[in-house]
Amino acid sequence: MRGFELVHPASLGEAIKLLDTDDPTVRPFSGGTALMLMMKAGVFQPSRLVDLGGIEPEHAAVEATGDGGLKLGAMATLAQVERSADVMRVAPVIPRAMKRLANVRVRNVARIGGNLAHGDPHMDLPPVLSSLGGEVAVTGPAGERRIAIESLFSGYYETVLSQGELIRQVILPPQRGWASAYMKCTTRSADDWPALGVAVSLKLTDGAVQDSRIMVSAATEKLTRLAAAEAALEGAQPGEAAFARAADAAATEAETIDDARGSAEYKTELLRVYVKRALAEAVRNGAVQ
Amino acid sequence: MDDTSRQIRFTLNGRPVTARVESHLDLVDLLRRFDLFGARESCGQGLCGCCTVLVDGVAVSGCLTLAQLVDGRSVTTVESLDEGGALSPVQQAFIDEGAFQCGFCTPGFVMMTHELLKENPDPDEAAIRDYLAGNLCRCAAYPEIIRAVQTAATRMKTAQAA
């Protein structure tokens, strides 16, 4: 690594001012676990890092909302989210996914906002949080806006955030009545980045699928919502036949990509299998009360 | 590049210290300047746990921590564990169970085991495997390591009860 300027703003406004430049080598630094890898590998050489540690307390709260949703401050660590009783009650799929997300030390340090803003398609939380209907509140020089997490990513390691914008909070809508699951497949070693991640969320009414959100990550260039798979489920009785139809639709619509973890064809077959498994798992997990 | 170094103050194993550190220095390299070699860089990616240290009481990978960011904080390394003159119960259990061959990963495993037993004094094998999933032992002493954690847990509970 080479030297850079490391600055320590005391407020969100000050951080945004320090980031508001056309220079792409000026970046925010929250937990830093992902950025440090890029810096050590020489893939990214910052001229200035804006340390967000000083604005942490105000933006690290994790709490249930009165309507049965959740608000996660962007500076909350993954460990904090994993251990929150509110998160366990409202969205138990999140702590379940955390068990196999990196390791204890990384979860102690990595922040939920940075995890999303990094734009890495192999991360576990973008599919999970988007399957729950999550949005991010983003603050920048031009003010605040809301972005659905399913629309946050524009490409491989690319987001729709502009330079100077920071994710301030993750907002999850009420989860009552929704059953969710996340499954990933690691093809090289158990702790490798996934070849495939599938997150599903189902709303069951009177024994039929009233609504669903099905997300794929890692096997595709960016997080992708599988609309045809969702359409195949609409109104169906949950069970093997409906899940197989949704899995076939998913395999047809997803644009999987080749990489060291498997060919596109292989990942398409993984997707077919894992969509079925994840849907069955969501039903087994049951709806949030 | 201009000089990016900066004077920092922090608490190292209970003692206040100062150091002049460059922006890109990581915590493992900073500790070496204090002749502390227990935290080692192995994978350099936060995967293997060899560089485990505590910052303000929280286990982190030293290799992913910028040294300047420990300014004002408290850093605890494996070297603190026997400061009273005796090995910690976890260190002793690792020796008694032969939970290493080359020993390179051992400080990280010992530090993480202390954290695990602080959070969960009576972990079952699945909990031990989950918690230590981010520590790699290339000699594959895993069965002995799990036994060492169980032995340390038992002895610490007995000591607590006494």
# chains A, B, ... in the order shown; residues from 1 in each chain; ligands from 1

call {"tool": "interface_residues", "arguments": {"of": "chain B", "to": "chain A", "cutoff": "10 Å", "atoms": "only C-alpha atoms", "output": "mmCIF file with N, CA and C atoms, in the first residue's frame"}}
result
data_model
loop_
_atom_site.group_PDB
_atom_site.id
_atom_site.type_symbol
_atom_site.label_atom_id
_atom_site.label_comp_id
_atom_site.auth_asym_id
_atom_site.auth_seq_id
_atom_site.Cartn_x
_atom_site.Cartn_y
_atom_site.Cartn_z
ATOM 1 N N MET B 1 4.514 11.317 -2.878
ATOM 2 C CA MET B 1 3.432 11.601 -1.906
ATOM 3 C C MET B 1 4.010 12.364 -0.722
ATOM 4 N N ASP B 2 3.257 13.321 -0.247
ATOM 5 C CA ASP B 2 3.674 14.073 0.951
ATOM 6 C C ASP B 2 3.766 13.120 2.132
ATOM 7 N N ASP B 3 4.377 13.587 3.182
ATOM 8 C CA ASP B 3 4.459 12.781 4.390
ATOM 9 C C ASP B 3 3.048 12.589 4.954
ATOM 10 N N THR B 4 2.627 11.347 5.037
ATOM 11 C CA THR B 4 1.273 11.079 5.546
ATOM 12 C C THR B 4 1.333 10.520 6.960
ATOM 13 N N SER B 5 2.507 10.584 7.575
ATOM 14 C CA SER B 5 2.619 9.999 8.908
ATOM 15 C C SER B 5 2.034 10.942 9.955
ATOM 16 N N ARG B 6 1.682 10.350 11.075
ATOM 17 C CA ARG B 6 1.005 11.105 12.110
ATOM 18 C C ARG B 6 1.330 10.475 13.459
ATOM 19 N N GLU B 22 2.670 5.887 9.444
ATOM 20 C CA GLU B 22 2.247 6.295 8.111
ATOM 21 C C GLU B 22 0.787 5.897 7.902
ATOM 22 N N SER B 23 0.125 6.589 6.982
ATOM 23 C CA SER B 23 -1.306 6.336 6.746
ATOM 24 C C SER B 23 -1.563 4.898 6.328
ATOM 25 N N HIS B 24 -0.634 4.299 5.587
ATOM 26 C CA HIS B 24 -0.913 2.986 5.011
ATOM 27 C C HIS B 24 -0.367 1.845 5.860
ATOM 28 N N LEU B 25 0.152 2.153 7.038
ATOM 29 C CA LEU B 25 0.661 1.079 7.909
ATOM 30 C C LEU B 25 -0.521 0.303 8.509
ATOM 31 N N ASP B 26 -0.428 -1.027 8.552
ATOM 32 C CA ASP B 26 -1.502 -1.757 9.235
ATOM 33 C C ASP B 26 -1.069 -2.117 10.659
ATOM 34 N N GLY B 44 -3.234 -12.135 5.088
ATOM 35 C CA GLY B 44 -3.344 -10.716 4.765
ATOM 36 C C GLY B 44 -4.725 -10.317 4.272
ATOM 37 N N GLN B 45 -5.715 -11.203 4.449
ATOM 38 C CA GLN B 45 -7.065 -10.924 3.930
ATOM 39 C C GLN B 45 -8.159 -11.103 4.979
ATOM 40 N N GLY B 46 -7.776 -11.236 6.237
ATOM 41 C CA GLY B 46 -8.788 -11.378 7.277
ATOM 42 C C GLY B 46 -9.427 -12.748 7.350
ATOM 43 N N LEU B 47 -8.863 -13.720 6.633
ATOM 44 C CA LEU B 47 -9.476 -15.049 6.574
ATOM 45 C C LEU B 47 -8.911 -16.013 7.600
ATOM 46 N N CYS B 48 -7.636 -15.857 7.959
ATOM 47 C CA CYS B 48 -6.931 -16.950 8.641
ATOM 48 C C CYS B 48 -6.838 -16.744 10.143
ATOM 49 N N GLY B 49 -6.973 -15.519 10.613
ATOM 50 C CA GLY B 49 -7.012 -15.285 12.050
ATOM 51 C C GLY B 49 -5.665 -15.216 12.737
ATOM 52 N N THR B 52 -5.059 -11.971 14.867
ATOM 53 C CA THR B 52 -6.140 -11.538 15.760
ATOM 54 C C THR B 52 -5.614 -10.726 16.951
ATOM 55 N N VAL B 53 -6.153 -9.539 17.127
ATOM 56 C CA VAL B 53 -5.895 -8.720 18.317
ATOM 57 C C VAL B 53 -7.233 -8.119 18.745
ATOM 58 N N LEU B 54 -7.273 -7.545 19.938
ATOM 59 C CA LEU B 54 -8.491 -6.866 20.375
ATOM 60 C C LEU B 54 -8.286 -5.364 20.267
ATOM 61 N N VAL B 58 -12.654 -5.706 21.283
ATOM 62 C CA VAL B 58 -13.351 -6.417 20.210
ATOM 63 C C VAL B 58 -12.307 -7.089 19.309
ATOM 64 N N ALA B 59 -12.514 -8.366 18.997
ATOM 65 C CA ALA B 59 -11.555 -9.096 18.161
ATOM 66 C C ALA B 59 -11.596 -8.581 16.731
ATOM 67 N N VAL B 60 -10.427 -8.260 16.200
ATOM 68 C CA VAL B 60 -10.323 -7.790 14.810
ATOM 69 C C VAL B 60 -9.120 -8.476 14.160
ATOM 70 N N SER B 61 -9.097 -8.391 12.839
ATOM 71 C CA SER B 61 -7.915 -8.826 12.100
ATOM 72 C C SER B 61 -6.973 -7.626 12.007
ATOM 73 N N GLY B 62 -5.784 -7.755 12.604
ATOM 74 C CA GLY B 62 -4.824 -6.655 12.574
ATOM 75 C C GLY B 62 -4.425 -6.274 11.162
ATOM 76 N N CYS B 63 -4.442 -7.258 10.264
ATOM 77 C CA CYS B 63 -3.992 -6.995 8.890
ATOM 78 C C CYS B 63 -4.985 -6.137 8.121
ATOM 79 N N LEU B 64 -6.234 -6.044 8.614
ATOM 80 C CA LEU B 64 -7.245 -5.227 7.924
ATOM 81 C C LEU B 64 -7.512 -3.922 8.681
ATOM 82 N N THR B 65 -6.657 -3.626 9.667
ATOM 83 C CA THR B 65 -6.867 -2.442 10.499
ATOM 84 C C THR B 65 -5.781 -1.414 10.201
ATOM 85 N N LEU B 66 -6.168 -0.214 9.843
ATOM 86 C CA LEU B 66 -5.179 0.846 9.629
ATOM 87 C C LEU B 66 -4.639 1.291 10.986
ATOM 88 N N GLN B 68 -3.284 4.013 12.013
ATOM 89 C CA GLN B 68 -3.680 5.351 12.488
ATOM 90 C C GLN B 68 -5.049 5.337 13.168
ATOM 91 N N LEU B 69 -5.874 4.350 12.821
ATOM 92 C CA LEU B 69 -7.226 4.328 13.387
ATOM 93 C C LEU B 69 -7.277 3.735 14.799
ATOM 94 N N MET B 112 -8.973 -15.858 19.936
ATOM 95 C CA MET B 112 -10.387 -16.062 19.579
ATOM 96 C C MET B 112 -11.081 -16.972 20.596
ATOM 97 N N LEU B 116 -14.484 -16.253 22.546
ATOM 98 C CA LEU B 116 -15.607 -17.196 22.535
ATOM 99 C C LEU B 116 -16.064 -17.511 23.961
ATOM 100 N N ASP B 130 -18.248 -22.896 14.703
ATOM 101 C CA ASP B 130 -18.772 -21.655 14.121
ATOM 102 C C ASP B 130 -17.856 -20.484 14.447
ATOM 103 N N TYR B 131 -17.528 -20.371 15.725
ATOM 104 C CA TYR B 131 -16.785 -19.192 16.180
ATOM 105 C C TYR B 131 -15.369 -19.171 15.621
ATOM 106 N N LEU B 132 -14.778 -20.361 15.499
ATOM 107 C CA LEU B 132 -13.384 -20.429 15.033
ATOM 108 C C LEU B 132 -13.285 -20.683 13.533
ATOM 109 N N ALA B 133 -14.418 -20.556 12.810
ATOM 110 C CA ALA B 133 -14.405 -20.827 11.367
ATOM 111 C C ALA B 133 -13.453 -19.883 10.636
ATOM 112 N N GLY B 134 -13.197 -18.724 11.209
ATOM 113 C CA GLY B 134 -12.302 -17.763 10.573
ATOM 114 C C GLY B 134 -10.861 -17.893 11.027
ATOM 115 N N ASN B 135 -10.496 -19.024 11.612
ATOM 116 C CA ASN B 135 -9.097 -19.282 11.983
ATOM 117 C C ASN B 135 -8.640 -20.557 11.283
#

call {"tool": "residues_around", "arguments": {"residues": "region 54-62 of chain A", "least_positions_apart": "4", "cutoff": "12 Å", "atoms": "only C-alpha atoms", "output": "PyMOL selection string"}}
result
(chain A and resi 7-16+28-31+50+69-88+90+110-113+137+166-172) or (chain B and resi 69)

call {"tool": "atom_distance", "arguments": {"atom1": "CA of Phe109 (chain B)", "atom2": "CA of Thr77 (chain B)"}}
result
12.1 Å

call {"tool": "residues_around", "arguments": {"residues": "Asp56 (chain B)", "least_positions_apart": "3", "cutoff": "7 Å", "atoms": "only C-alpha atoms", "output": "JSON, numbers by chain"}}
result
{"B": [73, 74, 75]}

call {"tool": "residues_around", "arguments": {"residues": "Lys17 (chain A)", "least_positions_apart": "5", "cutoff": "9 Å", "atoms": "only C-alpha atoms", "output": "PyMOL selection string"}}
result
chain A and resi 12+140-141+164

call {"tool": "atom_distance", "arguments": {"atom1": "CA of Ile128 (chain B)", "atom2": "CA of Thr158 (chain B)"}}
result
19.1 Å

call {"tool": "residues_around", "arguments": {"residues": "Leu30 (chain B)", "least_positions_apart": "4", "cutoff": "9 Å", "atoms": "only C-alpha atoms", "output": "PyMOL selection string"}}
result
chain B and resi 19+21+25-26+34+36+67

call {"tool": "write_last_selection", "arguments": {"atoms": "C-alpha atoms", "output": "tab-separated table (two decimals), in the first residue's frame"}}
result
chain	number	residue	atom	x	y	z
B	19	ALA	CA	4.06	6.07	17.76
B	21	VAL	CA	2.81	5.96	11.84
B	25	LEU	CA	0.66	1.08	7.91
B	26	ASP	CA	-1.50	-1.76	9.24
B	34	PHE	CA	6.89	-2.62	19.74
B	36	LEU	CA	5.28	-7.82	19.65
B	67	ALA	CA	-2.68	1.67	12.36

call {"tool": "select_by_dssp", "arguments": {"residues": "region 28-145 of chain B", "states": "strand (DSSP E or B)", "output": "MDAnalysis selection string"}}
result
chainID B and resid 52:55 58:61 66 74:76

call {"tool": "write_last_selection", "arguments": {"atoms": "N, CA and C atoms", "output": "PDB file, in the first residue's frame"}}
result
ATOM      1  N   THR B  52      -5.059 -11.971  14.867  1.00  0.00           N
ATOM      2  CA  THR B  52      -6.140 -11.538  15.760  1.00  0.00           C
ATOM      3  C   THR B  52      -5.614 -10.726  16.951  1.00  0.00           C
ATOM      4  N   VAL B  53      -6.153  -9.539  17.127  1.00  0.00           N
ATOM      5  CA  VAL B  53      -5.895  -8.720  18.317  1.00  0.00           C
ATOM      6  C   VAL B  53      -7.233  -8.119  18.745  1.00  0.00           C
ATOM      7  N   LEU B  54      -7.273  -7.545  19.938  1.00  0.00           N
ATOM      8  CA  LEU B  54      -8.491  -6.866  20.375  1.00  0.00           C
ATOM      9  C   LEU B  54      -8.286  -5.364  20.267  1.00  0.00           C
ATOM     10  N   VAL B  55      -9.254  -4.661  19.707  1.00  0.00           N
ATOM     11  CA  VAL B  55      -9.251  -3.210  19.715  1.00  0.00           C
ATOM     12  C   VAL B  55     -10.471  -2.781  20.521  1.00  0.00           C
ATOM     13  N   VAL B  58     -12.654  -5.706  21.283  1.00  0.00           N
ATOM     14  CA  VAL B  58     -13.351  -6.417  20.210  1.00  0.00           C
ATOM     15  C   VAL B  58     -12.307  -7.089  19.309  1.00  0.00           C
ATOM     16  N   ALA B  59     -12.514  -8.366  18.997  1.00  0.00           N
ATOM     17  CA  ALA B  59     -11.555  -9.096  18.161  1.00  0.00           C
ATOM     18  C   ALA B  59     -11.596  -8.581  16.731  1.00  0.00           C
ATOM     19  N   VAL B  60     -10.427  -8.260  16.200  1.00  0.00           N
ATOM     20  CA  VAL B  60     -10.323  -7.790  14.810  1.00  0.00           C
ATOM     21  C   VAL B  60      -9.120  -8.476  14.160  1.00  0.00           C
ATOM     22  N   SER B  61      -9.097  -8.391  12.839  1.00  0.00           N
ATOM     23  CA  SER B  61      -7.915  -8.826  12.100  1.00  0.00           C
ATOM     24  C   SER B  61      -6.973  -7.626  12.007  1.00  0.00           C
ATOM     25  N   LEU B  66      -6.168  -0.214   9.843  1.00  0.00           N
ATOM     26  CA  LEU B  66      -5.179   0.846   9.629  1.00  0.00           C
ATOM     27  C   LEU B  66      -4.639   1.291  10.986  1.00  0.00           C
ATOM     28  N   SER B  74      -7.644   1.170  22.715  1.00  0.00           N
ATOM     29  CA  SER B  74      -6.900   0.225  23.530  1.00  0.00           C
ATOM     30  C   SER B  74      -6.682  -1.049  22.707  1.00  0.00           C
ATOM     31  N   VAL B  75      -5.421  -1.454  22.576  1.00  0.00           N
ATOM     32  CA  VAL B  75      -5.082  -2.641  21.788  1.00  0.00           C
ATOM     33  C   VAL B  75      -4.543  -3.718  22.724  1.00  0.00           C
ATOM     34  N   THR B  76      -5.070  -4.925  22.585  1.00  0.00           N
ATOM     35  CA  THR B  76      -4.641  -6.040  23.434  1.00  0.00           C
ATOM     36  C   THR B  76      -4.147  -7.171  22.543  1.00  0.00           C
TER      37      THR B  76
END

call {"tool": "select_by_dssp", "arguments": {"residues": "region 188-273 of chain A", "states": "alpha helix (DSSP H)", "output": "PyMOL selection string"}}
result
chain A and resi 227-233+240-253+264-273

call {"tool": "residues_around", "arguments": {"residues": "Tyr157 (chain A)", "least_positions_apart": "2", "cutoff": "10 Å", "atoms": "only C-alpha atoms", "output": "list in words"}}
result
Ala117, His118, Gly119, Asp120, Pro121, His122, Phe153, Ser154, Gly155, Thr159, Glu221 and Lys222 of chain A

call {"tool": "write_last_selection", "arguments": {"atoms": "N, CA and C atoms", "output": "PDB file, in the first residue's frame"}}
result
ATOM      1  N   ALA A 117     -22.614  -0.534  -0.153  1.00  0.00           N
ATOM      2  CA  ALA A 117     -22.035   0.470  -1.050  1.00  0.00           C
ATOM      3  C   ALA A 117     -20.851  -0.077  -1.840  1.00  0.00           C
ATOM      4  N   HIS A 118     -20.236  -1.149  -1.335  1.00  0.00           N
ATOM      5  CA  HIS A 118     -19.057  -1.693  -2.002  1.00  0.00           C
ATOM      6  C   HIS A 118     -19.408  -2.244  -3.392  1.00  0.00           C
ATOM      7  N   GLY A 119     -20.650  -2.675  -3.567  1.00  0.00           N
ATOM      8  CA  GLY A 119     -21.102  -3.110  -4.896  1.00  0.00           C
ATOM      9  C   GLY A 119     -20.576  -4.466  -5.319  1.00  0.00           C
ATOM     10  N   ASP A 120     -20.040  -5.222  -4.379  1.00  0.00           N
ATOM     11  CA  ASP A 120     -19.491  -6.547  -4.697  1.00  0.00           C
ATOM     12  C   ASP A 120     -20.653  -7.529  -4.861  1.00  0.00           C
ATOM     13  N   PRO A 121     -20.805  -8.134  -6.054  1.00  0.00           N
ATOM     14  CA  PRO A 121     -21.953  -9.025  -6.269  1.00  0.00           C
ATOM     15  C   PRO A 121     -21.888 -10.333  -5.480  1.00  0.00           C
ATOM     16  N   HIS A 122     -20.739 -10.601  -4.808  1.00  0.00           N
ATOM     17  CA  HIS A 122     -20.626 -11.847  -4.053  1.00  0.00           C
ATOM     18  C   HIS A 122     -21.095 -11.718  -2.605  1.00  0.00           C
ATOM     19  N   PHE A 153     -27.590  -1.534  -7.491  1.00  0.00           N
ATOM     20  CA  PHE A 153     -26.378  -1.968  -8.192  1.00  0.00           C
ATOM     21  C   PHE A 153     -26.552  -1.792  -9.701  1.00  0.00           C
ATOM     22  N   SER A 154     -25.529  -1.171 -10.327  1.00  0.00           N
ATOM     23  CA  SER A 154     -25.641  -0.926 -11.760  1.00  0.00           C
ATOM     24  C   SER A 154     -24.708  -1.816 -12.563  1.00  0.00           C
ATOM     25  N   GLY A 155     -23.833  -2.560 -11.904  1.00  0.00           N
ATOM     26  CA  GLY A 155     -22.916  -3.447 -12.611  1.00  0.00           C
ATOM     27  C   GLY A 155     -21.986  -4.111 -11.624  1.00  0.00           C
ATOM     28  N   THR A 159     -22.403   0.827  -8.314  1.00  0.00           N
ATOM     29  CA  THR A 159     -23.701   1.172  -7.743  1.00  0.00           C
ATOM     30  C   THR A 159     -24.217   2.452  -8.401  1.00  0.00           C
ATOM     31  N   GLU A 221     -23.787 -10.820 -12.899  1.00  0.00           N
ATOM     32  CA  GLU A 221     -22.888  -9.665 -12.836  1.00  0.00           C
ATOM     33  C   GLU A 221     -23.236  -8.749 -11.666  1.00  0.00           C
ATOM     34  N   LYS A 222     -24.509  -8.657 -11.390  1.00  0.00           N
ATOM     35  CA  LYS A 222     -24.964  -7.861 -10.256  1.00  0.00           C
ATOM     36  C   LYS A 222     -26.214  -8.518  -9.669  1.00  0.00           C
TER      37      LYS A 222
END

call {"tool": "closest_residue", "arguments": {"among": "B:Ala93, B:Cys137, B:Cys43, B:Cys102", "to": "Met156 (chain B)", "atoms": "only C-alpha atoms"}}
result
B:Ala93

call {"tool": "decode", "arguments": {"residues": "region 156-177 of chain A", "atoms": "N, CA and C atoms", "output": "short mmCIF file (atom, residue, chain, number, x, y, z; two decimals), in the first residue's frame"}}
result
data_model
loop_
_atom_site.label_atom_id
_atom_site.label_comp_id
_atom_site.auth_asym_id
_atom_site.auth_seq_id
_atom_site.Cartn_x
_atom_site.Cartn_y
_atom_site.Cartn_z
N TYR A 156 -20.98 -4.77 -12.18
CA TYR A 156 -20.00 -5.50 -11.37
C TYR A 156 -19.21 -4.50 -10.54
N TYR A 157 -19.37 -4.51 -9.23
CA TYR A 157 -18.76 -3.54 -8.31
C TYR A 157 -19.19 -2.11 -8.61
N GLU A 158 -20.38 -1.94 -9.19
CA GLU A 158 -20.86 -0.59 -9.50
C GLU A 158 -22.22 -0.38 -8.85
N THR A 159 -22.40 0.83 -8.31
CA THR A 159 -23.70 1.17 -7.74
C THR A 159 -24.22 2.45 -8.40
N VAL A 160 -25.46 2.78 -8.13
CA VAL A 160 -26.02 4.03 -8.65
C VAL A 160 -25.68 5.21 -7.74
N LEU A 161 -24.93 4.97 -6.68
CA LEU A 161 -24.54 6.09 -5.79
C LEU A 161 -23.58 6.99 -6.54
N SER A 162 -23.74 8.30 -6.39
CA SER A 162 -22.76 9.17 -7.02
C SER A 162 -21.70 9.56 -5.99
N GLN A 163 -20.58 10.01 -6.50
CA GLN A 163 -19.48 10.43 -5.64
C GLN A 163 -20.02 11.46 -4.64
N GLY A 164 -19.70 11.27 -3.38
CA GLY A 164 -20.19 12.20 -2.36
C GLY A 164 -21.47 11.73 -1.67
N GLU A 165 -22.13 10.71 -2.23
CA GLU A 165 -23.32 10.19 -1.56
C GLU A 165 -22.95 9.07 -0.60
N LEU A 166 -23.61 9.05 0.54
CA LEU A 166 -23.38 8.01 1.54
C LEU A 166 -24.70 7.37 1.93
N ILE A 167 -24.67 6.04 2.07
CA ILE A 167 -25.84 5.36 2.62
C ILE A 167 -25.91 5.71 4.11
N ARG A 168 -27.05 6.23 4.52
CA ARG A 168 -27.21 6.67 5.91
C ARG A 168 -27.94 5.61 6.74
N GLN A 169 -28.88 4.93 6.09
CA GLN A 169 -29.73 3.99 6.83
C GLN A 169 -30.31 2.95 5.88
N VAL A 170 -30.51 1.76 6.42
CA VAL A 170 -31.22 0.70 5.69
C VAL A 170 -32.61 0.59 6.31
N ILE A 171 -33.64 0.61 5.46
CA ILE A 171 -35.01 0.57 5.96
C ILE A 171 -35.70 -0.69 5.43
N LEU A 172 -36.20 -1.52 6.34
CA LEU A 172 -36.94 -2.71 5.92
C LEU A 172 -38.41 -2.50 6.24
N PRO A 173 -39.29 -2.80 5.28
CA PRO A 173 -40.73 -2.64 5.51
C PRO A 173 -41.24 -3.71 6.48
N PRO A 174 -42.48 -3.61 6.92
CA PRO A 174 -43.04 -4.61 7.83
C PRO A 174 -42.89 -6.02 7.25
N GLN A 175 -42.49 -6.96 8.07
CA GLN A 175 -42.22 -8.33 7.60
C GLN A 175 -43.29 -9.32 8.02
N ARG A 176 -44.32 -8.86 8.70
CA ARG A 176 -45.36 -9.79 9.16
C ARG A 176 -45.99 -10.53 7.98
N GLY A 177 -46.07 -11.84 8.09
CA GLY A 177 -46.70 -12.64 7.04
C GLY A 177 -45.74 -13.10 5.96
#
